[in-house]
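These notes are about the structure you will find just below.
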Amino acid sequence: MPIRREGERAPPAAGRPRGDTRGVTGPGKAAHFTETSPAAVRIQPLVLGGPELLRILYIEDDPTAREYIRKGLSEHGYAVDVAEDAKSGIERALRDPFDLLILDVMLPDSDGFEILRSLRAKGVHTSALFLSARGEVADRIRGLNLGADDYLVKPFAFAELLARIQAVARRSLSEPNDGLLTVADLVLDLRRHAVERSGRFVDLTPKEFHLLEYLLRNAGHAVSRAMITEQVWGYGFDTYSNLIDVHINHLRKKVDQDVGPKLIHTVKGVGYMLEDRSEAGEGE
């Protein structure tokens with residue numbers, strides 16, 4: 001085995017060109033990336049309603065991964081701030097406005113799950129994307145159920161990270177400016193986490209609120225049980241359970257009972273739809 005002088009770099013592995021960053025790791029970390037350079041990927045960044053680009057906070061303790069992602073996203077026009085641990089990341093997220101949080105799951109002083117849980121409890125509802133070597137279904141379900149918008153398993157292609165950021169940003173852009181989702185006299189206030197019908201407060205459980213929000217976001221379109229399962233209950237939920245029907249019935253009693261018009265409709269053979277059919281004179 002050849003002896004290297006102190007400070008001399010090891011030659012690239014056989015079959016791998018010099019400069020290939022594939023399999024870059026940190027202490028105790030799995031490989032992060034699958035391609036040579038983020039500069040080779042060209043995807044037009046999203047503009048948020050004007051000249052200001054998406055502002056991202058990336059929380060990652062591995063310096064190689066942190067710099068690689070920061071530099072790559074910056075080269076694609078994003079404004080990227082970084083934090084090396086949970087404590088500083090939470091402080092930044094509470095202090096400064098961001099459009100997206102990118103969270104590593106494994107951190108020295110906590111983990112990405114606890115960061116998101118803490119921020120959500122403090123009223124921070126910034127979109128979030130997990131990056132993690134922990135790719136078990138249980139981990140992905142946990143992250144999504146905590147309120148993350150996406151979960152990307154390492155190693156990943158930088159192009160896929162960009163595409164997922166774009167997808168999360170597009171969903172964020174669909175948020176109403178006033179935070180209100182309305183159909184007829186039904187109003188759901190995303191910022192106050194409150195619902196009113198005909199000016200009357202409607203008391204909903206967190207799951208009922210999430211279900212009604214999903215129906216309102218898809219108002220006028222039929223949504224299947226499978227779609228509701230994935231978006232409201234998350235992966236791993238039993239699609240054949242009657243829990244969806246139970247929650248729909250509870251919503252109808254709270255939202256449609258003793259007021260008109262009826263807004264929550266059954267679409268036979270498909271699922272459910274939230275729609276104002278009063279002008280068409282249609283009933284359930």
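Chain labels A, B, ... are given in the sequence in which chains occur in the structure tokens; within each chain residues are numbered consecutively from 1, and ligands are likewise numbered from 1 in the order shown.
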
- prompt: Which polymer residues have any atom within 8 Å of an atom of range 113-119 of chain A, counting only C-alpha atoms, with same-chain residues fewer than 3 positions away left out, as a list in words?
  reply: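 Final neighbour list, sorted by chain and number: Ala86, Ile90, Ala93, Leu94, Val105, Ser110, Lys122, Gly123, Val124, His125, Ala128, Arg142, Gly143, Leu146, Gly147 and Ala148 of chain A.
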
(Q) List as a PyMOL selection string the protein and nucleic acid residues near Phe201 in chain A, meaning an atom at most 12 Å away when only C-alpha atoms are counted, but skip any in the same chain fewer than 6 places from it. (A) chain A and resi 185-189+193-195+254-255

Next, write the just-selected residues to a file, as a short mmCIF file (atom, residue, chain, number, x, y, z; two decimals), in the first residue's frame, keeping N, CA and C atoms as the atom set.
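What landed in again-v1.cif:
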data_model
loop_
_atom_site.label_atom_id
_atom_site.label_comp_id
_atom_site.auth_asym_id
_atom_site.auth_seq_id
_atom_site.Cartn_x
_atom_site.Cartn_y
_atom_site.Cartn_z
N ASP A 185 -71.09 30.75 2.75
CA ASP A 185 -70.88 31.46 4.02
C ASP A 185 -70.00 30.68 4.99
N LEU A 186 -69.30 29.67 4.46
CA LEU A 186 -68.34 28.90 5.26
C LEU A 186 -66.97 29.53 5.12
N VAL A 187 -66.34 29.86 6.25
CA VAL A 187 -65.03 30.52 6.25
C VAL A 187 -64.08 29.75 7.15
N LEU A 188 -62.93 29.34 6.60
CA LEU A 188 -61.87 28.71 7.38
C LEU A 188 -60.67 29.65 7.41
N ASP A 189 -60.29 30.06 8.60
CA ASP A 189 -59.19 31.01 8.79
C ASP A 189 -57.93 30.23 9.15
N HIS A 193 -56.72 29.56 12.86
CA HIS A 193 -57.12 28.16 13.02
C HIS A 193 -58.56 28.11 13.53
N ALA A 194 -59.44 28.81 12.83
CA ALA A 194 -60.83 28.92 13.26
C ALA A 194 -61.75 28.76 12.06
N VAL A 195 -62.99 28.32 12.33
CA VAL A 195 -63.98 28.10 11.28
C VAL A 195 -65.29 28.77 11.70
N LYS A 254 -71.63 19.44 12.09
CA LYS A 254 -71.14 20.72 12.62
C LYS A 254 -71.22 21.85 11.60
N VAL A 255 -71.05 21.52 10.32
CA VAL A 255 -70.96 22.55 9.29
C VAL A 255 -72.29 22.76 8.56
#

Counting only C-alpha atoms, which residues of range 84-198 of chain A fall within 10 Å of range 228-233 of chain A, and what is the closest atom pair for each with its distance in Å at one decimal, ordered by chain and rising number, as a tab-separated table?
residue	atom	partner	partner_atom	distance
A:Ile141	CA	A:Trp233	CA	9.7
A:Leu144	CA	A:Trp233	CA	9.5
A:Asn145	CA	A:Trp233	CA	7.6

Distance of CA of Ala121 in chain A from CA of Gly89 in chain A, expressed in Å to one decimal place: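 These two atoms are separated by 15.3 Å.
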
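Distances from A:Glu208, A:Glu84, A:Asp99, A:Asp61 to Gln166 in chain A were compared using only C-alpha atoms, and the smallest one belongs to A:Asp99.
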